[in-house]
file my_file_10.cif (mmCIF, N, CA and C atoms)
data_run
loop_
_atom_site.label_atom_id
_atom_site.label_comp_id
_atom_site.auth_asym_id
_atom_site.auth_seq_id
_atom_site.Cartn_x
_atom_site.Cartn_y
_atom_site.Cartn_z
N MET A 27 65.57 146.05 74.32
CA MET A 27 65.89 144.70 74.79
C MET A 27 67.35 144.68 75.22
N GLU A 28 67.63 144.03 76.32
CA GLU A 28 69.00 144.00 76.82
C GLU A 28 69.78 142.85 76.17
N ILE A 29 71.07 143.06 76.03
CA ILE A 29 71.93 142.06 75.41
C ILE A 29 72.22 140.97 76.43
N ILE A 30 72.08 139.73 75.98
CA ILE A 30 72.35 138.58 76.84
C ILE A 30 73.83 138.23 76.73
N GLU A 31 74.45 137.96 77.87
CA GLU A 31 75.85 137.58 77.88
C GLU A 31 76.02 136.24 77.16
N LYS A 32 77.11 136.10 76.38
CA LYS A 32 77.34 134.85 75.66
C LYS A 32 77.46 133.71 76.65
N GLN A 33 76.83 132.59 76.28
CA GLN A 33 76.87 131.42 77.14
C GLN A 33 77.06 130.18 76.28
N ASP A 34 77.46 129.12 76.90
CA ASP A 34 77.60 127.86 76.19
C ASP A 34 76.21 127.29 75.99
N PHE A 35 75.76 127.29 74.76
CA PHE A 35 74.40 126.89 74.42
C PHE A 35 74.13 125.43 74.81
N ARG A 36 75.18 124.61 74.88
CA ARG A 36 75.01 123.18 75.21
C ARG A 36 74.61 122.96 76.65
N THR A 37 74.89 123.93 77.53
CA THR A 37 74.60 123.75 78.95
C THR A 37 73.17 124.15 79.30
N VAL A 38 72.47 124.77 78.37
CA VAL A 38 71.11 125.23 78.62
C VAL A 38 70.15 124.07 78.35
N CYS A 39 69.08 123.97 79.15
CA CYS A 39 68.14 122.87 78.96
C CYS A 39 67.46 122.98 77.59
N PRO A 40 67.03 121.87 77.01
CA PRO A 40 66.46 121.85 75.66
C PRO A 40 65.28 122.81 75.46
N GLU A 41 64.42 122.93 76.45
CA GLU A 41 63.26 123.81 76.32
C GLU A 41 63.69 125.27 76.15
N VAL A 42 64.72 125.66 76.88
CA VAL A 42 65.21 127.03 76.80
C VAL A 42 65.88 127.27 75.45
N ARG A 43 66.64 126.28 74.95
CA ARG A 43 67.28 126.42 73.64
C ARG A 43 66.23 126.65 72.56
N VAL A 44 65.15 125.86 72.60
CA VAL A 44 64.08 126.00 71.61
C VAL A 44 63.44 127.38 71.73
N ALA A 45 63.20 127.83 72.96
CA ALA A 45 62.59 129.15 73.18
C ALA A 45 63.49 130.26 72.63
N ILE A 46 64.80 130.14 72.82
CA ILE A 46 65.73 131.15 72.32
C ILE A 46 65.71 131.16 70.79
N ARG A 47 65.69 129.98 70.18
CA ARG A 47 65.63 129.91 68.72
C ARG A 47 64.35 130.56 68.19
N LYS A 48 63.22 130.26 68.84
CA LYS A 48 61.95 130.85 68.41
C LYS A 48 61.96 132.37 68.56
N ARG A 49 62.51 132.84 69.66
CA ARG A 49 62.61 134.29 69.87
C ARG A 49 63.47 134.91 68.78
N GLY A 50 64.58 134.24 68.45
CA GLY A 50 65.46 134.74 67.39
C GLY A 50 64.76 134.81 66.05
N MET A 51 63.99 133.78 65.71
CA MET A 51 63.27 133.79 64.44
C MET A 51 62.19 134.86 64.44
N SER A 52 61.59 135.09 65.57
CA SER A 52 60.58 136.14 65.69
C SER A 52 61.21 137.51 65.41
N MET A 53 62.41 137.72 65.94
CA MET A 53 63.11 138.98 65.70
C MET A 53 63.46 139.15 64.22
N ILE A 54 63.92 138.06 63.60
CA ILE A 54 64.27 138.09 62.17
C ILE A 54 63.03 138.46 61.35
N GLU A 55 61.89 137.85 61.67
CA GLU A 55 60.66 138.12 60.93
C GLU A 55 60.19 139.57 61.13
N LYS A 56 60.57 140.17 62.25
CA LYS A 56 60.19 141.57 62.50
C LYS A 56 61.18 142.55 61.87
N GLY A 57 62.19 142.01 61.18
CA GLY A 57 63.10 142.88 60.43
C GLY A 57 64.48 143.08 61.02
N LYS A 58 64.78 142.48 62.15
CA LYS A 58 66.13 142.63 62.72
C LYS A 58 67.13 141.84 61.87
N ARG A 59 68.35 142.31 61.84
CA ARG A 59 69.40 141.62 61.10
C ARG A 59 69.99 140.49 61.94
N LYS A 60 70.57 139.52 61.26
CA LYS A 60 71.11 138.34 61.95
C LYS A 60 72.18 138.72 62.97
N GLY A 61 73.02 139.66 62.62
CA GLY A 61 74.06 140.11 63.54
C GLY A 61 73.49 140.72 64.81
N GLU A 62 72.43 141.50 64.64
CA GLU A 62 71.76 142.11 65.80
C GLU A 62 71.16 141.04 66.70
N VAL A 63 70.47 140.10 66.07
CA VAL A 63 69.81 139.02 66.82
C VAL A 63 70.86 138.22 67.58
N ALA A 64 71.97 137.92 66.91
CA ALA A 64 73.04 137.14 67.55
C ALA A 64 73.57 137.88 68.78
N LYS A 65 73.78 139.16 68.64
CA LYS A 65 74.31 139.95 69.76
C LYS A 65 73.30 139.99 70.90
N LEU A 66 72.03 140.19 70.56
CA LEU A 66 71.00 140.27 71.59
C LEU A 66 70.81 138.96 72.35
N LEU A 67 70.94 137.84 71.63
CA LEU A 67 70.70 136.53 72.26
C LEU A 67 71.97 135.89 72.80
N GLY A 68 73.13 136.49 72.53
CA GLY A 68 74.37 135.96 73.06
C GLY A 68 74.86 134.72 72.35
N VAL A 69 74.59 134.65 71.03
CA VAL A 69 75.06 133.51 70.23
C VAL A 69 75.85 134.04 69.05
N ASN A 70 76.46 133.14 68.30
CA ASN A 70 77.24 133.50 67.13
C ASN A 70 76.31 133.80 65.96
N LYS A 71 76.74 134.70 65.08
CA LYS A 71 75.94 135.05 63.90
C LYS A 71 75.68 133.83 63.03
N ASN A 72 76.67 132.93 62.91
CA ASN A 72 76.49 131.71 62.11
C ASN A 72 75.40 130.82 62.70
N THR A 73 75.27 130.85 64.01
CA THR A 73 74.23 130.07 64.67
C THR A 73 72.86 130.57 64.25
N VAL A 74 72.69 131.87 64.21
CA VAL A 74 71.42 132.45 63.78
C VAL A 74 71.15 132.08 62.32
N SER A 75 72.19 132.11 61.49
CA SER A 75 72.03 131.71 60.08
C SER A 75 71.57 130.26 59.98
N ASN A 76 72.14 129.39 60.80
CA ASN A 76 71.72 127.98 60.80
C ASN A 76 70.26 127.84 61.22
N TRP A 77 69.83 128.63 62.20
CA TRP A 77 68.43 128.61 62.62
C TRP A 77 67.53 129.01 61.46
N CYS A 78 67.94 130.05 60.73
CA CYS A 78 67.14 130.52 59.60
C CYS A 78 67.00 129.44 58.53
N LYS A 79 68.11 128.76 58.23
CA LYS A 79 68.06 127.68 57.24
C LYS A 79 67.14 126.57 57.69
N ALA A 80 67.24 126.18 58.95
CA ALA A 80 66.39 125.11 59.49
C ALA A 80 64.92 125.53 59.48
N TYR A 81 64.67 126.79 59.79
CA TYR A 81 63.29 127.31 59.83
C TYR A 81 62.70 127.33 58.42
N LYS A 82 63.50 127.74 57.43
CA LYS A 82 63.01 127.76 56.05
C LYS A 82 62.73 126.35 55.55
N ALA A 83 63.55 125.40 55.95
CA ALA A 83 63.40 124.02 55.48
C ALA A 83 62.24 123.29 56.15
N LYS A 84 62.08 123.48 57.47
CA LYS A 84 61.11 122.66 58.21
C LYS A 84 60.14 123.45 59.08
N GLY A 85 60.18 124.76 59.01
CA GLY A 85 59.30 125.56 59.85
C GLY A 85 59.71 125.46 61.31
N MET A 86 58.74 125.58 62.21
CA MET A 86 59.02 125.54 63.65
C MET A 86 59.65 124.21 64.06
N GLU A 87 59.34 123.14 63.37
CA GLU A 87 59.92 121.83 63.68
C GLU A 87 61.44 121.87 63.50
N GLY A 88 61.92 122.68 62.58
CA GLY A 88 63.35 122.80 62.34
C GLY A 88 64.09 123.45 63.49
N LEU A 89 63.37 124.13 64.38
CA LEU A 89 64.00 124.80 65.51
C LEU A 89 64.10 123.91 66.74
N SER A 90 63.50 122.73 66.70
CA SER A 90 63.53 121.83 67.85
C SER A 90 64.90 121.16 67.96
N ASP A 91 65.20 120.65 69.13
CA ASP A 91 66.47 119.96 69.36
C ASP A 91 66.48 118.61 68.65
N LYS A 92 67.63 118.29 68.09
CA LYS A 92 67.82 116.96 67.51
C LYS A 92 68.44 116.08 68.58
N LYS A 93 68.27 114.78 68.43
CA LYS A 93 68.88 113.86 69.38
C LYS A 93 70.40 113.97 69.26
N ARG A 94 71.06 114.05 70.38
CA ARG A 94 72.49 114.26 70.40
C ARG A 94 73.22 113.02 70.88
N GLY A 95 74.49 112.97 70.62
CA GLY A 95 75.33 111.89 71.12
C GLY A 95 75.50 110.77 70.11
N MET A 96 76.18 109.75 70.56
CA MET A 96 76.46 108.62 69.69
C MET A 96 75.22 107.75 69.52
N LYS A 97 75.13 107.12 68.37
CA LYS A 97 74.05 106.17 68.13
C LYS A 97 74.37 104.88 68.87
N LEU A 98 73.33 104.15 69.23
CA LEU A 98 73.50 102.90 69.97
C LEU A 98 74.42 101.95 69.21
N GLU A 99 74.26 101.89 67.89
CA GLU A 99 75.08 100.97 67.10
C GLU A 99 76.57 101.30 67.20
N ASP A 100 76.89 102.58 67.35
CA ASP A 100 78.29 103.00 67.42
C ASP A 100 78.93 102.68 68.76
N ARG A 101 78.12 102.47 69.79
CA ARG A 101 78.64 102.19 71.14
C ARG A 101 78.76 100.71 71.42
N ARG A 102 78.24 99.88 70.57
CA ARG A 102 78.24 98.44 70.82
C ARG A 102 79.63 97.84 70.68
N LEU A 103 79.92 96.91 71.58
CA LEU A 103 81.18 96.19 71.50
C LEU A 103 80.99 94.87 70.76
N LEU A 104 79.78 94.35 70.80
CA LEU A 104 79.46 93.10 70.13
C LEU A 104 78.46 93.36 69.01
N THR A 105 78.48 92.50 68.01
CA THR A 105 77.45 92.60 66.97
C THR A 105 76.14 92.10 67.56
N GLU A 106 75.06 92.37 66.88
CA GLU A 106 73.75 91.93 67.38
C GLU A 106 73.70 90.40 67.51
N GLU A 107 74.31 89.71 66.54
CA GLU A 107 74.34 88.24 66.60
C GLU A 107 75.12 87.75 67.81
N GLN A 108 76.25 88.41 68.10
CA GLN A 108 77.06 88.03 69.25
C GLN A 108 76.31 88.28 70.55
N GLU A 109 75.56 89.37 70.61
CA GLU A 109 74.76 89.66 71.80
C GLU A 109 73.72 88.56 72.04
N ILE A 110 73.02 88.18 70.99
CA ILE A 110 71.99 87.13 71.10
C ILE A 110 72.62 85.82 71.54
N GLU A 111 73.76 85.47 70.94
CA GLU A 111 74.45 84.22 71.30
C GLU A 111 74.88 84.25 72.77
N THR A 112 75.41 85.37 73.23
CA THR A 112 75.84 85.52 74.62
C THR A 112 74.64 85.42 75.56
N GLN A 113 73.54 86.07 75.21
CA GLN A 113 72.34 86.00 76.04
C GLN A 113 71.83 84.57 76.12
N ASN A 114 71.85 83.85 75.02
CA ASN A 114 71.40 82.46 75.03
C ASN A 114 72.31 81.59 75.89
N LEU A 115 73.61 81.81 75.82
CA LEU A 115 74.54 81.05 76.66
C LEU A 115 74.27 81.29 78.13
N ILE A 116 73.97 82.52 78.47
CA ILE A 116 73.73 82.88 79.87
C ILE A 116 72.41 82.29 80.36
N THR A 117 71.37 82.36 79.55
CA THR A 117 70.06 81.91 80.01
C THR A 117 69.87 80.40 79.91
N ASP A 118 70.68 79.71 79.11
CA ASP A 118 70.50 78.28 78.93
C ASP A 118 71.22 77.44 79.99
N ARG A 119 72.16 78.03 80.71
CA ARG A 119 72.94 77.24 81.67
C ARG A 119 73.08 77.98 82.98
N TYR A 120 73.49 77.24 83.98
CA TYR A 120 73.75 77.80 85.31
C TYR A 120 75.21 78.26 85.38
N PRO A 121 75.51 79.25 86.21
CA PRO A 121 76.89 79.74 86.32
C PRO A 121 77.89 78.62 86.68
N GLU A 122 77.42 77.65 87.48
CA GLU A 122 78.33 76.57 87.87
C GLU A 122 78.80 75.76 86.67
N GLN A 123 77.96 75.68 85.65
CA GLN A 123 78.35 74.92 84.45
C GLN A 123 79.49 75.61 83.70
N TYR A 124 79.64 76.89 83.90
CA TYR A 124 80.74 77.64 83.28
C TYR A 124 81.88 77.81 84.29
N GLN A 125 81.76 77.18 85.44
CA GLN A 125 82.73 77.25 86.52
C GLN A 125 82.95 78.70 86.97
N LEU A 126 81.84 79.41 87.11
CA LEU A 126 81.91 80.80 87.59
C LEU A 126 81.62 80.85 89.08
#
call {"tool": "encode", "arguments": {"input": "my_file_10.cif", "output": "structure tokens"}}
result
Amino acid sequence: MEIIEKQDFRTVCPEVRVAIRKRGMSMIEKGKRKGEVAKLLGVNKNTVSNWCKAYKAKGMEGLSDKKRGMKLEDRRLLTEEQEIETQNLITDRYPEQYQL
């Protein structure tokens, strides 16, 4: 098997990331060492260790991508109550009443 050049794992589409993780776990199950697998797949040895932990904990489901980024609640500028109040103000009156 040829060694894959190291790449930024974040730039690869989710399906490919999952396929790489599965291939890595397959190699581990066939007796390859984590360092070898990391070198062959172009990832860090710690990354392979994390895959192994996730696989032991949740099986194949542990190798799937988790949702990334900020949670909706963390991006909000207004509280839920403030949003509802603002929406009600907008829908209950015409813009002219607010002199807009």
call {"tool": "closest_residue", "arguments": {"input": "my_file_10.cif", "among": "A:Arg101, A:Phe35, A:Pro40, A:Met96", "to": "Val69 of chain A", "atoms": "all atoms listed in the file"}}
result
A:Phe35
call {"tool": "atom_distance", "arguments": {"input": "my_file_10.cif", "atom1": "atom C of Ile46 of chain A", "atom2": "atom CA of Leu98 of chain A"}}
result
29.3 Å
call {"tool": "select_by_dssp", "arguments": {"input": "my_file_10.cif", "residues": "segment 55-120 of chain A", "states": "alpha helix (DSSP H)", "output": "PyMOL selection string"}}
result
chain A and resi 55+60-67+71-84+98-101+106-118
call {"tool": "residues_around", "arguments": {"input": "my_file_10.cif", "residues": "segment 81-95 of chain A", "least_positions_apart": "5", "cutoff": "6.5 Å", "atoms": "all atoms listed in the file", "output": "ChimeraX atom specification"}}
result
/A:44,47-48,76
call {"tool": "atom_distance", "arguments": {"input": "my_file_10.cif", "atom1": "atom CA of Val63 of chain A", "atom2": "atom N of Met51 of chain A"}}
result
7.9 Å
call {"tool": "atom_distance", "arguments": {"input": "my_file_10.cif", "atom1": "atom CA of Glu122 of chain A", "atom2": "atom CA of Glu106 of chain A"}}
result
26.0 Å
call {"tool": "decode", "arguments": {"input": "my_file_10.cif", "residues": "segment 36-114 of chain A", "atoms": "C-alpha atoms", "output": "CSV table (one decimal), in the first residue's frame"}}
result
chain,number,residue,atom,x,y,z
A,36,ARG,CA,-10.9,19.2,7.7
A,37,THR,CA,-10.9,20.0,4.0
A,38,VAL,CA,-11.9,16.5,2.9
A,39,CYS,CA,-15.6,15.8,2.4
A,40,PRO,CA,-17.4,13.9,5.3
A,41,GLU,CA,-17.9,10.7,3.3
A,42,VAL,CA,-14.2,10.4,2.6
A,43,ARG,CA,-13.2,11.1,6.2
A,44,VAL,CA,-15.5,8.3,7.4
A,45,ALA,CA,-14.1,6.0,4.7
A,46,ILE,CA,-10.5,6.8,5.8
A,47,ARG,CA,-11.4,6.1,9.4
A,48,LYS,CA,-13.0,2.7,8.5
A,49,ARG,CA,-10.0,1.8,6.4
A,50,GLY,CA,-7.7,2.7,9.4
A,51,MET,CA,-9.7,0.5,11.8
A,52,SER,CA,-9.7,-2.3,9.3
A,53,MET,CA,-5.9,-2.1,9.2
A,54,ILE,CA,-5.7,-2.1,13.0
A,55,GLU,CA,-7.9,-5.2,13.2
A,56,LYS,CA,-5.6,-6.9,10.7
A,57,GLY,CA,-2.7,-6.3,13.0
A,58,LYS,CA,-1.0,-3.1,11.8
A,59,ARG,CA,0.3,-0.8,14.4
A,60,LYS,CA,-1.2,2.7,15.0
A,61,GLY,CA,2.0,4.4,13.8
A,62,GLU,CA,2.0,2.4,10.6
A,63,VAL,CA,-1.6,3.2,9.9
A,64,ALA,CA,-1.1,6.9,10.6
A,65,LYS,CA,1.8,7.0,8.2
A,66,LEU,CA,-0.1,5.1,5.5
A,67,LEU,CA,-3.2,7.3,5.8
A,68,GLY,CA,-1.3,10.6,6.2
A,69,VAL,CA,-2.7,11.4,9.6
A,70,ASN,CA,-1.2,11.9,13.1
A,71,LYS,CA,-0.7,8.8,15.3
A,72,ASN,CA,-2.9,10.5,18.0
A,73,THR,CA,-5.7,10.7,15.4
A,74,VAL,CA,-5.6,7.0,14.9
A,75,SER,CA,-5.6,6.5,18.7
A,76,ASN,CA,-8.8,8.7,18.9
A,77,TRP,CA,-10.4,6.6,16.2
A,78,CYS,CA,-9.6,3.4,18.1
A,79,LYS,CA,-11.2,4.9,21.3
A,80,ALA,CA,-14.3,6.0,19.5
A,81,TYR,CA,-14.6,2.6,17.7
A,82,LYS,CA,-14.3,0.7,21.0
A,83,ALA,CA,-16.9,2.9,22.6
A,84,LYS,CA,-19.5,3.1,19.9
A,85,GLY,CA,-18.4,0.7,17.1
A,86,MET,CA,-18.8,1.9,13.5
A,87,GLU,CA,-21.1,4.7,14.7
A,88,GLY,CA,-18.1,6.2,16.6
A,89,LEU,CA,-16.3,6.7,13.3
A,90,SER,CA,-18.9,8.9,11.8
A,91,ASP,CA,-18.6,12.7,11.7
A,92,LYS,CA,-20.0,14.7,14.5
A,93,LYS,CA,-21.8,18.0,13.9
A,94,ARG,CA,-19.2,20.7,13.8
A,95,GLY,CA,-19.3,24.4,14.5
A,96,MET,CA,-21.1,26.6,17.0
A,97,LYS,CA,-24.4,25.7,18.4
A,98,LEU,CA,-27.4,27.8,17.4
A,99,GLU,CA,-27.8,29.0,21.0
A,100,ASP,CA,-24.2,30.3,21.1
A,101,ARG,CA,-24.7,32.4,17.9
A,102,ARG,CA,-27.9,34.2,19.1
A,103,LEU,CA,-27.8,37.9,19.8
A,104,LEU,CA,-31.2,37.9,21.4
A,105,THR,CA,-32.7,35.5,24.0
A,106,GLU,CA,-35.6,33.4,22.8
A,107,GLU,CA,-38.1,35.7,24.6
A,108,GLN,CA,-36.6,38.7,22.9
A,109,GLU,CA,-36.9,37.1,19.5
A,110,ILE,CA,-40.6,36.3,20.1
A,111,GLU,CA,-41.3,39.8,21.3
A,112,THR,CA,-39.5,41.3,18.3
A,113,GLN,CA,-41.4,39.0,15.9
A,114,ASN,CA,-44.7,40.0,17.5
